[in-house]
file run-v1.txt (compact mmCIF, C-alpha atoms and all ligand atoms)
# COMPACT_ATOMS: atom_id res chain seq x y z
CA MET A 21 -26.87 -33.83 67.78
CA GLU A 22 -29.14 -36.54 66.62
CA ARG A 23 -28.72 -40.22 67.34
CA MET A 24 -25.11 -39.83 68.45
CA GLU A 25 -25.46 -42.71 70.91
CA VAL A 26 -27.40 -45.00 68.58
CA THR A 27 -25.87 -48.06 66.95
CA GLU A 28 -27.55 -49.77 64.02
CA THR A 29 -26.86 -53.39 63.12
CA PHE A 30 -27.21 -54.39 59.50
CA ALA A 31 -25.98 -57.48 57.62
CA GLY A 32 -24.03 -58.49 60.72
CA VAL A 33 -22.16 -55.19 60.94
CA THR A 34 -22.63 -52.32 63.41
CA LEU A 35 -22.85 -48.77 62.09
CA PRO A 36 -23.18 -45.32 63.69
CA GLY A 37 -26.84 -44.34 64.11
CA HIS A 38 -25.98 -40.70 63.50
CA LEU A 39 -25.44 -41.51 59.82
CA HIS A 40 -27.54 -44.62 59.30
CA THR A 41 -31.07 -45.86 59.97
CA GLN A 42 -32.63 -49.20 59.11
CA GLU A 43 -34.52 -47.33 56.42
CA SER A 44 -31.41 -45.78 54.86
CA LEU A 45 -29.71 -49.17 54.94
CA ALA A 46 -32.66 -50.91 53.33
CA PHE A 47 -32.72 -48.17 50.68
CA ALA A 48 -29.04 -48.85 49.95
CA ALA A 49 -29.53 -52.61 49.80
CA THR A 50 -32.26 -52.27 47.17
CA PHE A 51 -30.81 -49.32 45.26
CA PRO A 52 -31.26 -49.61 41.48
CA PHE A 53 -27.76 -49.00 40.15
CA ARG A 54 -27.27 -47.92 36.56
CA PRO A 55 -24.53 -49.15 34.20
CA THR A 56 -23.19 -45.57 34.15
CA ASP A 57 -22.79 -45.43 37.96
CA VAL A 58 -19.31 -45.38 39.44
CA VAL A 59 -19.14 -46.80 42.96
CA ILE A 60 -16.18 -46.26 45.30
CA ALA A 61 -16.18 -49.11 47.84
CA THR A 62 -13.84 -49.05 50.84
CA TYR A 63 -13.36 -50.11 54.40
CA PRO A 64 -13.06 -46.83 56.39
CA LYS A 65 -9.68 -45.08 56.41
CA SER A 66 -8.43 -46.81 53.29
CA GLY A 67 -8.25 -43.78 50.99
CA THR A 68 -11.93 -43.08 50.32
CA THR A 69 -11.66 -39.30 50.43
CA TRP A 70 -8.55 -39.36 48.27
CA MET A 71 -10.34 -41.43 45.61
CA GLN A 72 -13.38 -39.13 45.75
CA GLU A 73 -11.07 -36.18 45.03
CA ILE A 74 -9.20 -37.96 42.22
CA LEU A 75 -12.42 -38.94 40.46
CA THR A 76 -13.80 -35.42 40.88
CA LEU A 77 -10.73 -34.05 39.09
CA LEU A 78 -10.84 -36.74 36.39
CA PHE A 79 -14.50 -36.11 35.68
CA SER A 80 -14.04 -32.32 35.60
CA ARG A 81 -11.02 -32.76 33.29
CA GLY A 82 -8.78 -31.01 35.75
CA ASP A 83 -11.11 -28.11 36.58
CA ALA A 84 -10.67 -27.60 40.35
CA VAL A 85 -13.92 -25.64 40.80
CA PRO A 86 -16.17 -28.61 41.76
CA ALA A 87 -13.55 -29.92 44.22
CA LYS A 88 -13.21 -26.48 45.77
CA THR A 89 -16.88 -25.50 45.93
CA ILE A 90 -18.89 -28.68 46.58
CA PRO A 91 -18.35 -30.79 49.73
CA ASN A 92 -17.12 -34.29 48.91
CA TRP A 93 -20.19 -35.89 50.52
CA GLU A 94 -22.31 -34.12 47.88
CA ARG A 95 -19.97 -34.93 45.01
CA ALA A 96 -19.82 -38.62 45.94
CA PRO A 97 -22.55 -39.31 48.52
CA TRP A 98 -22.54 -42.39 50.74
CA LEU A 99 -25.13 -44.86 49.52
CA GLU A 100 -26.05 -46.09 53.00
CA GLN A 101 -26.26 -42.77 54.80
CA ILE A 102 -29.46 -41.02 55.80
CA TYR A 103 -29.09 -38.11 53.40
CA PHE A 104 -28.34 -40.23 50.29
CA ARG A 105 -31.88 -40.21 48.94
CA ASP A 106 -31.75 -36.41 48.67
CA ALA A 107 -28.11 -36.19 47.65
CA VAL A 108 -27.99 -38.69 44.80
CA ARG A 109 -27.77 -36.74 41.57
CA ASP A 110 -30.45 -38.50 39.62
CA ALA A 111 -30.09 -36.23 36.64
CA ALA A 112 -26.34 -36.72 36.40
CA ALA A 113 -25.08 -38.66 33.40
CA ARG A 114 -22.50 -40.34 35.62
CA ARG A 115 -23.33 -40.71 39.32
CA LEU A 116 -20.42 -41.05 41.71
CA ILE A 117 -21.46 -43.05 44.78
CA THR A 118 -19.43 -44.07 47.84
CA THR A 119 -20.03 -47.02 50.15
CA HIS A 120 -18.50 -48.79 53.14
CA LEU A 121 -21.07 -51.61 53.04
CA PRO A 122 -19.86 -55.20 52.71
CA ALA A 123 -19.87 -56.79 49.26
CA ARG A 124 -22.46 -59.39 50.27
CA VAL A 125 -25.09 -56.64 50.53
CA LEU A 126 -24.40 -54.97 47.19
CA ALA A 127 -22.74 -57.50 44.90
CA PRO A 128 -25.92 -58.98 43.34
CA ALA A 129 -27.31 -55.53 42.40
CA LEU A 130 -23.92 -54.36 41.15
CA GLN A 131 -23.43 -57.48 39.05
CA GLN A 132 -26.84 -57.12 37.50
CA SER A 133 -26.52 -53.42 36.76
CA LYS A 134 -22.93 -53.62 35.46
CA ALA A 135 -22.10 -50.46 37.40
CA LYS A 136 -18.37 -49.78 37.68
CA VAL A 137 -16.78 -50.43 41.07
CA ILE A 138 -13.50 -49.01 42.32
CA TYR A 139 -12.33 -50.87 45.41
CA VAL A 140 -9.66 -49.10 47.44
CA ALA A 141 -7.76 -51.02 50.11
CA ARG A 142 -4.86 -50.16 52.41
CA ASN A 143 -2.41 -51.97 54.66
CA PRO A 144 -4.68 -52.93 57.59
CA LYS A 145 -2.08 -51.93 60.19
CA ASP A 146 -2.22 -48.37 58.86
CA VAL A 147 -6.02 -48.61 58.63
CA ALA A 148 -6.19 -49.57 62.33
CA VAL A 149 -4.03 -46.60 63.34
CA SER A 150 -5.95 -44.15 61.18
CA PHE A 151 -9.31 -45.53 62.41
CA TYR A 152 -8.20 -45.26 66.03
CA HIS A 153 -7.36 -41.56 65.61
CA PHE A 154 -10.58 -40.99 63.70
CA HIS A 155 -12.57 -42.42 66.63
CA ARG A 156 -11.13 -39.72 68.85
CA LEU A 157 -12.26 -37.01 66.46
CA ALA A 158 -15.63 -38.39 65.31
CA LYS A 159 -18.20 -38.02 68.06
CA PHE A 160 -20.59 -40.40 66.30
CA LEU A 161 -18.15 -43.27 66.90
CA PRO A 162 -17.64 -44.90 70.31
CA ASP A 163 -14.77 -43.78 72.54
CA PRO A 164 -11.93 -46.05 71.35
CA GLY A 165 -10.20 -46.32 74.75
CA SER A 166 -6.48 -47.07 74.50
CA PHE A 167 -4.87 -48.06 71.20
CA ASP A 168 -4.43 -51.57 72.55
CA THR A 169 -8.14 -51.86 73.42
CA PHE A 170 -9.10 -50.53 70.00
CA LEU A 171 -6.69 -52.85 68.19
CA THR A 172 -8.18 -55.87 69.95
CA ARG A 173 -11.65 -54.85 68.75
CA PHE A 174 -10.35 -54.12 65.26
CA LEU A 175 -8.85 -57.61 65.04
CA GLU A 176 -12.02 -59.20 66.45
CA GLY A 177 -14.04 -57.32 63.83
CA THR A 178 -16.32 -55.81 66.47
CA VAL A 179 -15.61 -52.17 65.55
CA HIS A 180 -18.21 -50.22 63.56
CA TYR A 181 -18.21 -51.21 59.87
CA GLY A 182 -17.17 -54.74 60.88
CA SER A 183 -14.12 -56.82 60.15
CA TRP A 184 -11.47 -55.45 57.79
CA PHE A 185 -10.68 -59.03 56.78
CA ASP A 186 -14.28 -59.79 55.80
CA HIS A 187 -14.58 -56.51 53.92
CA VAL A 188 -11.48 -57.03 51.81
CA LYS A 189 -12.12 -60.72 51.21
CA GLY A 190 -15.75 -60.02 50.32
CA TRP A 191 -15.04 -57.28 47.80
CA LEU A 192 -11.86 -58.72 46.27
CA GLY A 193 -13.61 -62.07 46.04
CA GLN A 194 -15.96 -60.32 43.59
CA ARG A 195 -13.20 -58.86 41.43
CA HIS A 196 -13.84 -61.20 38.49
CA LEU A 197 -17.63 -61.01 38.82
CA LEU A 198 -17.98 -57.24 38.95
CA ASP A 199 -16.73 -54.56 36.59
CA MET A 200 -14.11 -53.68 39.17
CA LEU A 201 -10.82 -51.83 39.38
CA TYR A 202 -8.80 -52.56 42.48
CA VAL A 203 -6.51 -49.80 43.73
CA THR A 204 -4.44 -49.59 46.90
CA TYR A 205 -3.67 -46.56 49.02
CA GLU A 206 0.00 -47.51 48.67
CA GLU A 207 -0.25 -47.37 44.85
CA LEU A 208 -1.78 -43.91 45.04
CA HIS A 209 1.23 -42.86 47.09
CA GLN A 210 3.76 -44.47 44.85
CA ASP A 211 2.38 -43.35 41.51
CA LEU A 212 -0.60 -41.02 41.60
CA CYS A 213 -0.45 -40.15 37.90
CA GLY A 214 -0.01 -43.76 36.81
CA THR A 215 -2.97 -44.79 38.95
CA ALA A 216 -5.04 -41.91 37.59
CA ARG A 217 -4.25 -43.15 34.06
CA ARG A 218 -5.40 -46.64 35.06
CA LEU A 219 -8.61 -45.13 36.43
CA SER A 220 -9.19 -43.13 33.27
CA ALA A 221 -8.74 -46.23 31.09
CA PHE A 222 -11.14 -48.19 33.30
CA LEU A 223 -13.75 -45.43 33.23
CA GLY A 224 -13.32 -44.64 29.54
CA CYS A 225 -12.61 -41.07 30.51
CA PRO A 226 -9.66 -39.68 28.53
CA VAL A 227 -7.07 -37.81 30.53
CA ALA A 228 -4.94 -35.03 29.01
CA PRO A 229 -1.51 -34.15 30.45
CA GLU A 230 -2.93 -30.86 31.82
CA THR A 231 -5.67 -32.81 33.63
CA LEU A 232 -3.06 -35.03 35.21
CA ALA A 233 -1.02 -32.01 36.31
CA ALA A 234 -4.09 -30.39 37.90
CA LEU A 235 -5.06 -33.68 39.54
CA GLU A 236 -1.60 -34.15 40.97
CA GLN A 237 -1.71 -30.67 42.46
CA HIS A 238 -5.25 -30.74 43.89
CA CYS A 239 -5.10 -34.30 45.16
CA SER A 240 -1.85 -33.87 47.08
CA PHE A 241 -2.12 -34.36 50.82
CA ALA A 242 -1.26 -30.68 51.47
CA ALA A 243 -3.90 -29.37 49.03
CA MET A 244 -6.59 -31.66 50.41
CA ARG A 245 -5.67 -30.88 54.01
CA ASP A 246 -6.33 -27.21 53.21
CA ASN A 247 -9.48 -27.79 51.14
CA ALA A 248 -12.53 -27.28 53.36
CA MET A 249 -14.61 -29.25 50.82
CA ALA A 250 -12.48 -32.34 51.46
CA ASN A 251 -11.08 -32.06 54.99
CA TYR A 252 -14.39 -32.19 56.94
CA THR A 253 -13.79 -28.90 58.77
CA LEU A 254 -17.30 -27.86 57.61
CA ILE A 255 -18.73 -30.44 60.01
CA PRO A 256 -19.74 -28.89 63.36
CA ARG A 257 -17.55 -29.52 66.37
CA GLU A 258 -20.23 -31.58 68.16
CA ILE A 259 -19.94 -34.14 65.35
CA MET A 260 -16.23 -33.93 64.53
CA ASP A 261 -14.10 -32.36 67.21
CA HIS A 262 -11.11 -31.03 65.31
CA SER A 263 -9.39 -30.08 68.56
CA GLN A 264 -8.85 -33.86 68.94
CA GLY A 265 -7.00 -34.19 65.63
CA ARG A 266 -7.42 -33.68 61.91
CA PHE A 267 -9.33 -35.82 59.45
CA MET A 268 -6.36 -35.31 57.09
CA ARG A 269 -4.04 -36.59 59.79
CA LYS A 270 -0.67 -37.70 58.36
CA GLY A 271 -1.36 -39.29 55.01
CA VAL A 272 1.70 -41.55 55.04
CA VAL A 273 2.45 -45.23 54.44
CA GLY A 274 3.73 -47.27 57.38
CA ASP A 275 2.68 -45.03 60.28
CA TRP A 276 1.74 -48.24 62.15
CA ARG A 277 5.42 -48.63 63.04
CA ALA A 278 5.11 -45.60 65.34
CA HIS A 279 2.08 -47.13 67.12
CA PHE A 280 2.46 -50.91 67.32
CA SER A 281 4.43 -52.68 70.03
CA PRO A 282 6.36 -55.80 68.87
CA LEU A 283 3.70 -57.93 70.60
CA GLN A 284 0.82 -56.14 68.84
CA ALA A 285 2.59 -56.53 65.49
CA ALA A 286 3.16 -60.26 66.12
CA LEU A 287 -0.51 -60.83 67.07
CA PHE A 288 -1.64 -58.86 64.04
CA ASP A 289 0.67 -60.79 61.69
CA ARG A 290 -0.56 -64.12 63.03
CA LEU A 291 -4.21 -63.29 62.46
CA TYR A 292 -3.45 -61.69 59.08
CA GLN A 293 -1.74 -64.89 57.99
CA GLU A 294 -4.67 -67.00 59.22
CA GLU A 295 -7.24 -64.82 57.49
CA MET A 296 -5.46 -63.81 54.30
CA GLY A 297 -2.66 -66.37 53.86
CA ASP A 298 -4.59 -68.79 51.66
CA ALA A 299 -7.13 -66.34 50.29
CA GLY A 300 -5.27 -66.00 46.98
CA LEU A 301 -5.96 -62.27 46.81
CA PRO A 302 -3.69 -59.63 45.31
CA LEU A 303 -2.69 -57.86 48.53
CA ARG A 304 -0.19 -55.23 47.51
CA TRP A 305 1.46 -53.96 50.68
CA PRO A 306 4.35 -55.16 52.80
CA MET A 307 3.22 -56.26 56.29
CA ALA A 308 6.64 -56.27 57.99
P1 LIG B 1 -4.25 -41.07 58.07
O1 LIG B 1 -5.19 -41.06 59.22
O2 LIG B 1 -3.29 -42.23 58.12
O3 LIG B 1 -3.55 -39.77 57.86
P2 LIG B 1 -10.67 -42.28 54.38
O4 LIG B 1 -10.87 -41.17 53.41
O5 LIG B 1 -10.92 -43.64 53.76
O6 LIG B 1 -11.41 -42.07 55.65
O7 LIG B 1 -9.11 -42.34 54.74
C1 LIG B 1 -8.50 -41.31 55.45
C2 LIG B 1 -7.02 -41.51 55.39
O8 LIG B 1 -6.54 -41.17 54.09
C3 LIG B 1 -6.28 -40.60 56.38
O9 LIG B 1 -5.11 -41.34 56.74
C4 LIG B 1 -5.96 -39.41 55.48
O10 LIG B 1 -4.92 -38.59 55.95
C5 LIG B 1 -5.57 -40.16 54.19
N1 LIG B 1 -5.59 -39.29 53.00
C6 LIG B 1 -6.62 -38.57 52.52
N2 LIG B 1 -6.22 -37.86 51.45
C7 LIG B 1 -4.92 -38.14 51.24
C8 LIG B 1 -3.94 -37.71 50.30
N3 LIG B 1 -4.23 -36.82 49.35
N4 LIG B 1 -2.69 -38.20 50.40
C9 LIG B 1 -2.38 -39.10 51.36
N5 LIG B 1 -3.26 -39.56 52.28
C10 LIG B 1 -4.52 -39.07 52.23
call {"tool": "encode", "arguments": {"input": "run-v1.txt", "output": "structure tokens"}}
result
Amino acid sequence: MERMEVTETFAGVTLPGHLHTQESLAFAATFPFRPTDVVIATYPKSGTTWMQEILTLLFSRGDAVPAKTIPNWERAPWLEQIYFRDAVRDAAARRLITTHLPARVLAPALQQSKAKVIYVARNPKDVAVSFYHFHRLAKFLPDPGSFDTFLTRFLEGTVHYGSWFDHVKGWLGQRHLLDMLYVTYEELHQDLCGTARRLSAFLGCPVAPETLAALEQHCSFAAMRDNAMANYTLIPREIMDHSQGRFMRKGVVGDWRAHFSPLQAALFDRLYQEEMGDAGLPLRWPMA
């Protein structure tokens, strides 16, 4: 497949060349957002796909047909990816757009346009575990080596998509400057309906009890694991090798405990404290 071995560097971050070119990245960086746009911003493996599904169900008022018939990358295309130009639904009254780009690239355009931003973050220890497994499955990402090797690179911020710390600090640092709702993966777990109500209030998109019931059903881990429009099984094996694991892997909170040695956890905690300790950000997950 194309450009599987290529790495692009943009705004100080490396990205897989299979999905990105300098042209697609420049297009993203100069994209004219509209006030009616809804942008999901995440560091990879933080609950992006889950949020795409939740917003699909909210916007369809609980009708599962779009979620079951249109692949998620068409429902909520990635701004920075090669196919975005063709996929963006220009005629749509409300465009749903996804991005993993750092805030420093997009914040000025988002501020100016007053587009709505939903930032989803997750406990970085669980992100690291999920990202490691995803590297084994996704052939457009480098071979991660051992978990220890990968974790070192994750903490250094030299993995594709850059440093988790920079991403979260960059986006949450904009939370009072952008029209932003901040949601964590852990909150989605704890109270999906309550979080969906928060989303509906933020988006000005009323949510009836029947919509919430449908959303709860279709956005469950089991339903999404079996939904080919959300679980990436439509992607050919040369690009995502599902014999190496599932995109919808475990979907739990705290799986890091099954992967981290005490030494890895201590190193992680030390760097987390250095990076996030004084940042004054609302980080809503237990690290221990
Ligand atoms: P795990 O690898 O820990 O299972 P992203 O969409 O940002 O790439 O994130 C993928 C992670 O979100 C995976 O985590 C995946 O299983 C999890 N996920 C996706 N949908 C989910 C759901 N409905 N419930 C719980 N976790 C979900």
call {"tool": "closest_residue", "arguments": {"input": "run-v1.txt", "among": "A:Val147, A:Leu198, A:Met307, A:Ala221", "to": "ligand LIG 1 (chain B)", "atoms": "all atoms listed in the file"}}
result
A:Val147
call {"tool": "residues_near_ligand", "arguments": {"input": "run-v1.txt", "ligand": "ligand LIG 1 (chain B)", "cutoff": "8 Å", "atoms": "all atoms listed in the file", "output": "number ranges by chain"}}
result
A: 62-71, 146-147, 149-151, 153-154, 205, 208-209, 239-245, 267-273, 275
call {"tool": "closest_residue", "arguments": {"input": "run-v1.txt", "among": "A:Leu291, A:Ala158, A:Val203, A:Ala96", "to": "Asp261 in chain A", "atoms": "only C-alpha atoms"}}
result
A:Ala158
call {"tool": "residues_around", "arguments": {"input": "run-v1.txt", "residues": "range 75-92 of chain A", "least_positions_apart": "3", "cutoff": "6 Å", "atoms": "only C-alpha atoms", "output": "count of residues only"}}
result
8
call {"tool": "closest_residue", "arguments": {"input": "run-v1.txt", "among": "A:Gly224, A:Pro36, A:Pro128, A:Pro229", "to": "Gly182 in chain A", "atoms": "all atoms listed in the file"}}
result
A:Pro36
call {"tool": "axis_aligned_box", "arguments": {"input": "run-v1.txt", "around": "range 55-58 of chain A", "padding_each_side": "8 Å", "output": "AutoDock Vina command-line options"}}
result
--center_x -21.9 --center_y -47.3 --center_z 36.8 --size_x 21.2 --size_y 19.8 --size_z 21.3
call {"tool": "atom_distance", "arguments": {"input": "run-v1.txt", "atom1": "CA of Thr172 in chain A", "atom2": "CA of His40 in chain A"}}
result
24.8 Å
call {"tool": "closest_residue", "arguments": {"input": "run-v1.txt", "among": "A:Gln101, A:Thr50, A:Ser183, A:Thr253", "to": "Gly32 in chain A", "atoms": "all atoms listed in the file"}}
result
A:Ser183
call {"tool": "build_atoms", "arguments": {"input": "run-v1.txt", "residues": "range 65-76 of chain A", "atoms": "N, CA and C atoms", "output": "mmCIF file, in the coordinates of the input"}}
result
data_model
loop_
_atom_site.group_PDB
_atom_site.id
_atom_site.type_symbol
_atom_site.label_atom_id
_atom_site.label_comp_id
_atom_site.auth_asym_id
_atom_site.auth_seq_id
_atom_site.Cartn_x
_atom_site.Cartn_y
_atom_site.Cartn_z
ATOM 1 N N LYS A 65 -11.087 -45.500 56.249
ATOM 2 C CA LYS A 65 -9.680 -45.080 56.410
ATOM 3 C C LYS A 65 -8.721 -45.719 55.417
ATOM 4 N N SER A 66 -9.259 -46.122 54.284
ATOM 5 C CA SER A 66 -8.430 -46.810 53.290
ATOM 6 C C SER A 66 -8.070 -45.926 52.099
ATOM 7 N N GLY A 67 -8.536 -44.669 52.120
ATOM 8 C CA GLY A 67 -8.250 -43.780 50.990
ATOM 9 C C GLY A 67 -9.505 -43.347 50.247
ATOM 10 N N THR A 68 -10.648 -43.438 50.918
ATOM 11 C CA THR A 68 -11.930 -43.080 50.320
ATOM 12 C C THR A 68 -11.947 -41.630 49.834
ATOM 13 N N THR A 69 -11.590 -40.727 50.722
ATOM 14 C CA THR A 69 -11.660 -39.300 50.430
ATOM 15 C C THR A 69 -10.687 -38.942 49.300
ATOM 16 N N TRP A 70 -9.547 -39.580 49.323
ATOM 17 C CA TRP A 70 -8.550 -39.360 48.270
ATOM 18 C C TRP A 70 -9.138 -39.778 46.917
ATOM 19 N N MET A 71 -9.754 -40.961 46.873
ATOM 20 C CA MET A 71 -10.340 -41.430 45.610
ATOM 21 C C MET A 71 -11.496 -40.525 45.171
ATOM 22 N N GLN A 72 -12.295 -40.056 46.116
ATOM 23 C CA GLN A 72 -13.380 -39.130 45.750
ATOM 24 C C GLN A 72 -12.798 -37.890 45.052
ATOM 25 N N GLU A 73 -11.690 -37.393 45.584
ATOM 26 C CA GLU A 73 -11.070 -36.180 45.030
ATOM 27 C C GLU A 73 -10.483 -36.461 43.633
ATOM 28 N N ILE A 74 -9.825 -37.597 43.508
ATOM 29 C CA ILE A 74 -9.200 -37.960 42.220
ATOM 30 C C ILE A 74 -10.274 -38.086 41.140
ATOM 31 N N LEU A 75 -11.367 -38.757 41.465
ATOM 32 C CA LEU A 75 -12.420 -38.940 40.460
ATOM 33 C C LEU A 75 -13.105 -37.614 40.142
ATOM 34 N N THR A 76 -13.223 -36.753 41.140
ATOM 35 C CA THR A 76 -13.800 -35.420 40.880
ATOM 36 C C THR A 76 -12.946 -34.690 39.840
#
